[in-house]
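Okay, run-v3.pdb is below, PDB, C-alpha atoms:
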MODEL        1
ATOM      1  CA  MET A  10     -93.776 -44.250  78.335  1.00  0.00           C
ATOM      2  CA  ALA A  11     -92.138 -47.137  80.178  1.00  0.00           C
ATOM      3  CA  ILE A  12     -92.896 -49.713  77.478  1.00  0.00           C
ATOM      4  CA  ILE A  13     -91.275 -47.481  74.850  1.00  0.00           C
ATOM      5  CA  GLU A  14     -88.050 -47.487  76.885  1.00  0.00           C
ATOM      6  CA  GLU A  15     -87.988 -51.268  77.111  1.00  0.00           C
ATOM      7  CA  LEU A  16     -88.820 -51.791  73.449  1.00  0.00           C
ATOM      8  CA  TYR A  17     -86.140 -49.330  72.374  1.00  0.00           C
ATOM      9  CA  PHE A  18     -83.611 -51.055  74.616  1.00  0.00           C
ATOM     10  CA  ALA A  19     -84.591 -54.521  73.307  1.00  0.00           C
ATOM     11  CA  LEU A  20     -84.630 -53.500  69.635  1.00  0.00           C
ATOM     12  CA  PRO A  21     -81.203 -55.085  68.945  1.00  0.00           C
ATOM     13  CA  ILE A  22     -82.443 -58.345  70.499  1.00  0.00           C
ATOM     14  CA  TYR A  23     -85.681 -58.290  68.488  1.00  0.00           C
ATOM     15  CA  ILE A  24     -83.923 -57.486  65.212  1.00  0.00           C
ATOM     16  CA  SER A  25     -81.268 -60.135  65.808  1.00  0.00           C
ATOM     17  CA  ASN A  26     -84.044 -62.688  66.282  1.00  0.00           C
ATOM     18  CA  VAL A  27     -85.427 -62.055  62.779  1.00  0.00           C
ATOM     19  CA  ALA A  28     -82.084 -61.499  61.018  1.00  0.00           C
ATOM     20  CA  PRO A  29     -81.555 -65.206  60.213  1.00  0.00           C
ATOM     21  CA  VAL A  30     -84.823 -65.274  58.242  1.00  0.00           C
ATOM     22  CA  PHE A  31     -83.635 -62.425  56.036  1.00  0.00           C
ATOM     23  CA  SER A  32     -80.182 -63.930  55.534  1.00  0.00           C
ATOM     24  CA  LYS A  33     -81.402 -67.359  54.387  1.00  0.00           C
ATOM     25  CA  HIS A  34     -80.439 -66.769  50.739  1.00  0.00           C
ATOM     26  CA  ILE A  35     -76.811 -65.990  51.590  1.00  0.00           C
ATOM     27  CA  LYS A  36     -74.708 -69.115  51.088  1.00  0.00           C
ATOM     28  CA  PHE A  37     -71.840 -68.045  53.362  1.00  0.00           C
ATOM     29  CA  LEU A  38     -71.620 -70.293  56.473  1.00  0.00           C
ATOM     30  CA  ASP A  39     -74.821 -72.012  55.389  1.00  0.00           C
ATOM     31  CA  TYR A  40     -74.387 -75.204  57.349  1.00  0.00           C
ATOM     32  CA  PRO A  41     -75.966 -76.471  60.544  1.00  0.00           C
ATOM     33  CA  ILE A  42     -74.427 -75.805  63.930  1.00  0.00           C
ATOM     34  CA  ASN A  43     -75.410 -79.304  65.042  1.00  0.00           C
ATOM     35  CA  LYS A  44     -78.210 -81.236  63.284  1.00  0.00           C
ATOM     36  CA  LYS A  45     -78.625 -83.777  66.055  1.00  0.00           C
ATOM     37  CA  TYR A  46     -79.102 -81.313  68.897  1.00  0.00           C
ATOM     38  CA  PHE A  47     -80.622 -78.224  67.247  1.00  0.00           C
ATOM     39  CA  GLY A  48     -81.946 -79.309  63.855  1.00  0.00           C
ATOM     40  CA  GLU A  49     -80.510 -78.589  60.428  1.00  0.00           C
ATOM     41  CA  HIS A  50     -82.124 -75.148  60.117  1.00  0.00           C
ATOM     42  CA  LYS A  51     -79.982 -73.583  62.903  1.00  0.00           C
ATOM     43  CA  THR A  52     -76.967 -72.440  60.913  1.00  0.00           C
ATOM     44  CA  TYR A  53     -73.747 -70.565  61.523  1.00  0.00           C
ATOM     45  CA  ARG A  54     -74.969 -68.041  58.936  1.00  0.00           C
ATOM     46  CA  GLY A  55     -78.082 -67.328  60.991  1.00  0.00           C
ATOM     47  CA  PHE A  56     -76.095 -67.012  64.198  1.00  0.00           C
ATOM     48  CA  LEU A  57     -73.612 -64.600  62.605  1.00  0.00           C
ATOM     49  CA  SER A  58     -76.339 -62.545  60.889  1.00  0.00           C
ATOM     50  CA  ALA A  59     -78.074 -62.088  64.254  1.00  0.00           C
ATOM     51  CA  ILE A  60     -74.902 -60.787  65.874  1.00  0.00           C
ATOM     52  CA  ILE A  61     -74.168 -58.424  62.984  1.00  0.00           C
ATOM     53  CA  ALA A  62     -77.764 -57.128  63.015  1.00  0.00           C
ATOM     54  CA  ALA A  63     -77.661 -56.424  66.765  1.00  0.00           C
ATOM     55  CA  ILE A  64     -74.345 -54.575  66.450  1.00  0.00           C
ATOM     56  CA  LEU A  65     -75.697 -52.451  63.577  1.00  0.00           C
ATOM     57  CA  ILE A  66     -78.869 -51.559  65.484  1.00  0.00           C
ATOM     58  CA  LEU A  67     -76.843 -50.545  68.534  1.00  0.00           C
ATOM     59  CA  PHE A  68     -74.560 -48.376  66.395  1.00  0.00           C
ATOM     60  CA  PHE A  69     -77.662 -46.715  64.931  1.00  0.00           C
ATOM     61  CA  GLN A  70     -79.091 -46.193  68.438  1.00  0.00           C
ATOM     62  CA  SER A  71     -75.799 -44.668  69.589  1.00  0.00           C
ATOM     63  CA  TYR A  72     -75.949 -42.273  66.656  1.00  0.00           C
ATOM     64  CA  LEU A  73     -79.504 -41.240  67.597  1.00  0.00           C
ATOM     65  CA  TYR A  74     -78.503 -40.752  71.229  1.00  0.00           C
ATOM     66  CA  GLU A  75     -77.522 -37.139  70.540  1.00  0.00           C
ATOM     67  CA  TYR A  76     -81.232 -36.257  70.304  1.00  0.00           C
ATOM     68  CA  GLU A  77     -82.921 -35.333  73.577  1.00  0.00           C
ATOM     69  CA  SER A  78     -86.071 -37.312  72.769  1.00  0.00           C
ATOM     70  CA  ILE A  79     -83.966 -40.472  72.342  1.00  0.00           C
ATOM     71  CA  LYS A  80     -82.039 -39.817  75.558  1.00  0.00           C
ATOM     72  CA  LYS A  81     -85.365 -39.679  77.409  1.00  0.00           C
ATOM     73  CA  ILE A  82     -86.359 -43.181  76.294  1.00  0.00           C
ATOM     74  CA  SER A  83     -82.905 -44.773  76.578  1.00  0.00           C
ATOM     75  CA  LEU A  84     -82.237 -47.165  79.438  1.00  0.00           C
ATOM     76  CA  ILE A  85     -78.492 -46.963  78.801  1.00  0.00           C
ATOM     77  CA  ASN A  86     -76.063 -44.172  78.063  1.00  0.00           C
ATOM     78  CA  TYR A  87     -74.923 -44.949  74.535  1.00  0.00           C
ATOM     79  CA  ASN A  88     -72.056 -42.453  74.841  1.00  0.00           C
ATOM     80  CA  GLU A  89     -70.477 -44.501  77.618  1.00  0.00           C
ATOM     81  CA  ALA A  90     -71.449 -47.992  76.464  1.00  0.00           C
ATOM     82  CA  ASN A  91     -69.229 -50.338  74.491  1.00  0.00           C
ATOM     83  CA  ILE A  92     -71.578 -50.611  71.516  1.00  0.00           C
ATOM     84  CA  PHE A  93     -69.720 -53.462  69.839  1.00  0.00           C
ATOM     85  CA  LEU A  94     -69.711 -55.544  73.035  1.00  0.00           C
ATOM     86  CA  LEU A  95     -73.386 -54.875  73.784  1.00  0.00           C
ATOM     87  CA  GLY A  96     -74.374 -55.665  70.199  1.00  0.00           C
ATOM     88  CA  PHE A  97     -72.389 -58.871  70.228  1.00  0.00           C
ATOM     89  CA  MET A  98     -73.916 -59.957  73.533  1.00  0.00           C
ATOM     90  CA  ALA A  99     -77.466 -59.034  72.468  1.00  0.00           C
ATOM     91  CA  GLY A 100     -77.225 -60.990  69.205  1.00  0.00           C
ATOM     92  CA  PHE A 101     -75.291 -63.901  70.670  1.00  0.00           C
ATOM     93  CA  GLY A 102     -77.663 -64.104  73.639  1.00  0.00           C
ATOM     94  CA  ALA A 103     -80.757 -64.053  71.435  1.00  0.00           C
ATOM     95  CA  MET A 104     -79.393 -66.894  69.301  1.00  0.00           C
ATOM     96  CA  PHE A 105     -78.121 -68.824  72.311  1.00  0.00           C
ATOM     97  CA  GLY A 106     -81.608 -68.679  73.825  1.00  0.00           C
ATOM     98  CA  ASP A 107     -83.035 -69.865  70.523  1.00  0.00           C
ATOM     99  CA  LEU A 108     -80.554 -72.765  70.382  1.00  0.00           C
ATOM    100  CA  ILE A 109     -81.384 -73.874  73.919  1.00  0.00           C
ATOM    101  CA  LYS A 110     -85.095 -73.818  73.085  1.00  0.00           C
ATOM    102  CA  SER A 111     -84.435 -75.775  69.872  1.00  0.00           C
ATOM    103  CA  PHE A 112     -82.487 -78.369  71.834  1.00  0.00           C
ATOM    104  CA  PHE A 113     -85.499 -78.991  74.072  1.00  0.00           C
ATOM    105  CA  LYS A 114     -87.911 -78.914  71.135  1.00  0.00           C
ATOM    106  CA  ARG A 115     -85.912 -81.682  69.432  1.00  0.00           C
ATOM    107  CA  ARG A 116     -85.928 -83.706  72.673  1.00  0.00           C
ATOM    108  CA  ARG A 117     -89.726 -83.369  72.792  1.00  0.00           C
ATOM    109  CA  ASN A 118     -89.997 -84.313  69.072  1.00  0.00           C
ATOM    110  CA  ILE A 119     -91.494 -80.938  68.161  1.00  0.00           C
ATOM    111  CA  LYS A 120     -90.757 -80.231  64.512  1.00  0.00           C
ATOM    112  CA  PRO A 121     -88.944 -77.068  63.372  1.00  0.00           C
ATOM    113  CA  GLY A 122     -91.476 -74.344  62.686  1.00  0.00           C
ATOM    114  CA  GLN A 123     -94.100 -75.988  64.874  1.00  0.00           C
ATOM    115  CA  SER A 124     -95.246 -73.663  67.632  1.00  0.00           C
ATOM    116  CA  TRP A 125     -94.159 -74.279  71.195  1.00  0.00           C
ATOM    117  CA  PHE A 126     -95.856 -71.568  73.218  1.00  0.00           C
ATOM    118  CA  PRO A 127     -94.568 -69.639  75.165  1.00  0.00           C
ATOM    119  CA  PHE A 128     -90.989 -70.788  74.636  1.00  0.00           C
ATOM    120  CA  ASP A 129     -90.832 -69.757  70.968  1.00  0.00           C
ATOM    121  CA  GLN A 130     -91.855 -66.253  72.017  1.00  0.00           C
ATOM    122  CA  LEU A 131     -89.482 -65.882  74.979  1.00  0.00           C
ATOM    123  CA  ASP A 132     -86.286 -67.782  74.136  1.00  0.00           C
ATOM    124  CA  PHE A 133     -84.509 -64.950  72.331  1.00  0.00           C
ATOM    125  CA  ILE A 134     -85.430 -62.189  74.798  1.00  0.00           C
ATOM    126  CA  VAL A 135     -84.439 -64.268  77.823  1.00  0.00           C
ATOM    127  CA  GLY A 136     -81.136 -65.179  76.150  1.00  0.00           C
ATOM    128  CA  GLY A 137     -80.455 -61.583  75.130  1.00  0.00           C
ATOM    129  CA  LEU A 138     -81.235 -60.220  78.582  1.00  0.00           C
ATOM    130  CA  LEU A 139     -79.100 -62.868  80.292  1.00  0.00           C
ATOM    131  CA  PHE A 140     -76.079 -62.159  78.115  1.00  0.00           C
ATOM    132  CA  LEU A 141     -76.499 -58.390  78.519  1.00  0.00           C
ATOM    133  CA  SER A 142     -77.017 -58.567  82.293  1.00  0.00           C
ATOM    134  CA  PRO A 143     -73.307 -58.367  83.253  1.00  0.00           C
ATOM    135  CA  PHE A 144     -73.013 -55.111  81.282  1.00  0.00           C
ATOM    136  CA  VAL A 145     -76.398 -53.408  81.694  1.00  0.00           C
ATOM    137  CA  SER A 146     -78.359 -52.910  84.901  1.00  0.00           C
ATOM    138  CA  LEU A 147     -82.065 -53.130  84.287  1.00  0.00           C
ATOM    139  CA  LYS A 148     -84.718 -52.747  86.926  1.00  0.00           C
ATOM    140  CA  LEU A 149     -87.035 -55.651  87.630  1.00  0.00           C
ATOM    141  CA  LYS A 150     -89.949 -53.696  86.129  1.00  0.00           C
ATOM    142  CA  ASN A 151     -88.032 -53.329  82.842  1.00  0.00           C
ATOM    143  CA  ILE A 152     -87.475 -57.079  82.661  1.00  0.00           C
ATOM    144  CA  ILE A 153     -91.083 -57.896  83.535  1.00  0.00           C
ATOM    145  CA  ILE A 154     -92.389 -55.508  80.876  1.00  0.00           C
ATOM    146  CA  LEU A 155     -90.155 -57.138  78.270  1.00  0.00           C
ATOM    147  CA  LEU A 156     -91.191 -60.639  79.286  1.00  0.00           C
ATOM    148  CA  ILE A 157     -94.859 -59.679  79.023  1.00  0.00           C
ATOM    149  CA  ALA A 158     -94.585 -57.647  75.808  1.00  0.00           C
ATOM    150  CA  SER A 159     -92.264 -59.967  73.863  1.00  0.00           C
ATOM    151  CA  PRO A 160     -94.723 -62.808  73.168  1.00  0.00           C
ATOM    152  CA  THR A 161     -97.249 -60.357  71.730  1.00  0.00           C
ATOM    153  CA  ILE A 162     -94.616 -58.631  69.608  1.00  0.00           C
ATOM    154  CA  HIS A 163     -93.321 -62.003  68.424  1.00  0.00           C
ATOM    155  CA  ILE A 164     -96.795 -63.111  67.333  1.00  0.00           C
ATOM    156  CA  ILE A 165     -97.439 -59.801  65.539  1.00  0.00           C
ATOM    157  CA  ALA A 166     -94.047 -60.022  63.796  1.00  0.00           C
ATOM    158  CA  ASN A 167     -94.832 -63.563  62.638  1.00  0.00           C
ATOM    159  CA  HIS A 168     -98.162 -62.422  61.209  1.00  0.00           C
ATOM    160  CA  ILE A 169     -96.461 -59.559  59.368  1.00  0.00           C
ATOM    161  CA  GLY A 170     -93.827 -62.004  58.096  1.00  0.00           C
ATOM    162  CA  TYR A 171     -96.584 -64.262  56.805  1.00  0.00           C
ATOM    163  CA  TYR A 172     -98.328 -61.438  54.946  1.00  0.00           C
ATOM    164  CA  ILE A 173     -95.111 -60.192  53.305  1.00  0.00           C
ATOM    165  CA  GLY A 174     -94.152 -63.745  52.320  1.00  0.00           C
ATOM    166  CA  VAL A 175     -91.244 -64.339  54.692  1.00  0.00           C
ATOM    167  CA  ASN A 176     -93.025 -66.873  56.934  1.00  0.00           C
ATOM    168  CA  LYS A 177     -94.986 -69.897  55.724  1.00  0.00           C
ATOM    169  CA  LYS A 178     -97.346 -69.767  58.719  1.00  0.00           C
ATOM    170  CA  LYS A 179     -98.910 -66.948  60.683  1.00  0.00           C
ATOM    171  CA  TRP A 180     -97.661 -68.522  63.903  1.00  0.00           C
TER     172      TRP A 180
ENDMDL
END

Will you turn the file into structure tokens for me?
Amino acid sequence: MAIIEELYFALPIYISNVAPVFSKHIKFLDYPINKKYFGEHKTYRGFLSAIIAAILILFFQSYLYEYESIKKISLINYNEANIFLLGFMAGFGAMFGDLIKSFFKRRRNIKPGQSWFPFDQLDFIVGGLLFLSPFVSLKLKNIIILLIASPTIHIIANHIGYYIGVNKKKW
């Protein structure tokens, strides 16, 4: 049951990581944050869509928190949490982690979309957890489970994205 708790907790981080892919056809804020440092595909639109997605997922989780089965798997008390703040930090942290990874990928001349294992699979979760850490106390076991599970989930999500036509490559 422990992995269910972690995955439910990290859902806003996971969803915020894929939100930019689904917002790519929206022209609002469709310009690079900094081409030189992060590449031209890291846009303000993607960053904002990730934050909005994380906030929406947390609001949905707070709504579901009235059910006993959801309370049992929740690592935080959604009734007492500042949902907007946590959503903002989860989405911002996920994208910040992604930007930091992109910065180092550009320095190593790794092209956008080219795999850089395990950093492509961990950047968003590490960023999300770091930005949430001042507001949410997780146990070490929760963090370890997320760091182990996230690469697998990321790879599976990329395969699904490939088969539904969102991603050009399986990985």

| message | Give me, as an NGL selection string, all polymer residues having an atom no more than 12 Å from Ile66 (chain A), counting all atoms listed in the file and skipping those fewer than 6 positions away in the same chain. | response | :A and (17-25 or 28 or 59-60 or 72-73 or 87 or 92-93 or 95-97 or 99-100)

| Any chance you could work out the residue set of the PyMOL selection byres ((chain A and resi 132-144) around 7) here, as a list in words? | Ile22, Asn26, Leu95, Met98, Ala99, Gly100, Gly102, Ala103, Met104, Phe105, Gly106, Asp107, Lys110, Phe128, Asp129, Gln130, Leu131, Val145 and Ser146 of chain A

| Shell around region 47-58 of chain A at 7 Å using all atoms listed in the file, local window under 6 positions removed, as number ranges by chain | A: 28-29, 32, 37-41, 104, 108, 111-112, 115

Written selection (C-alpha atoms) as a PDB file, in the coordinates of the input:
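again-v6.pdb was written with the following content:
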ATOM      1  CA  ALA A  28     -82.084 -61.499  61.018  1.00  0.00           C
ATOM      2  CA  PRO A  29     -81.555 -65.206  60.213  1.00  0.00           C
ATOM      3  CA  SER A  32     -80.182 -63.930  55.534  1.00  0.00           C
ATOM      4  CA  PHE A  37     -71.840 -68.045  53.362  1.00  0.00           C
ATOM      5  CA  LEU A  38     -71.620 -70.293  56.473  1.00  0.00           C
ATOM      6  CA  ASP A  39     -74.821 -72.012  55.389  1.00  0.00           C
ATOM      7  CA  TYR A  40     -74.387 -75.204  57.349  1.00  0.00           C
ATOM      8  CA  PRO A  41     -75.966 -76.471  60.544  1.00  0.00           C
ATOM      9  CA  MET A 104     -79.393 -66.894  69.301  1.00  0.00           C
ATOM     10  CA  LEU A 108     -80.554 -72.765  70.382  1.00  0.00           C
ATOM     11  CA  SER A 111     -84.435 -75.775  69.872  1.00  0.00           C
ATOM     12  CA  PHE A 112     -82.487 -78.369  71.834  1.00  0.00           C
ATOM     13  CA  ARG A 115     -85.912 -81.682  69.432  1.00  0.00           C
TER      14      ARG A 115
END

| query | So how far away is CA of Val175 (chain A) from CA of Lys45 (chain A), in Å? | reply | 25.8 Å

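Residues with any atom within 12 Å of Thr161 (chain A), counting only C-alpha atoms and excluding same-chain neighbours fewer than 4 positions away, are A:Phe126, A:Pro127, A:Asp129, A:Gln130, A:Leu131, A:Ile154, A:Leu155, A:Leu156, A:Ile157, A:Ile165, A:Ala166, A:Asn167, A:His168, A:Trp180.
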
For the selection you just gave me, I'd like the residues written to a file as a PDB file, in the frame of the given file, keeping C-alpha atoms.
ATOM      1  CA  PHE A 126     -95.856 -71.568  73.218  1.00  0.00           C
ATOM      2  CA  PRO A 127     -94.568 -69.639  75.165  1.00  0.00           C
ATOM      3  CA  ASP A 129     -90.832 -69.757  70.968  1.00  0.00           C
ATOM      4  CA  GLN A 130     -91.855 -66.253  72.017  1.00  0.00           C
ATOM      5  CA  LEU A 131     -89.482 -65.882  74.979  1.00  0.00           C
ATOM      6  CA  ILE A 154     -92.389 -55.508  80.876  1.00  0.00           C
ATOM      7  CA  LEU A 155     -90.155 -57.138  78.270  1.00  0.00           C
ATOM      8  CA  LEU A 156     -91.191 -60.639  79.286  1.00  0.00           C
ATOM      9  CA  ILE A 157     -94.859 -59.679  79.023  1.00  0.00           C
ATOM     10  CA  ILE A 165     -97.439 -59.801  65.539  1.00  0.00           C
ATOM     11  CA  ALA A 166     -94.047 -60.022  63.796  1.00  0.00           C
ATOM     12  CA  ASN A 167     -94.832 -63.563  62.638  1.00  0.00           C
ATOM     13  CA  HIS A 168     -98.162 -62.422  61.209  1.00  0.00           C
ATOM     14  CA  TRP A 180     -97.661 -68.522  63.903  1.00  0.00           C
TER      15      TRP A 180
END

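Interatomic distance, CA of Tyr74 (chain A) to CA of Leu16 (chain A): 15.3 Å.
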
| said: Between CA of Phe101 (chain A) and CA of Ile61 (chain A), what distance in Å does the model show, to one decimal? | reply: 9.5 Å
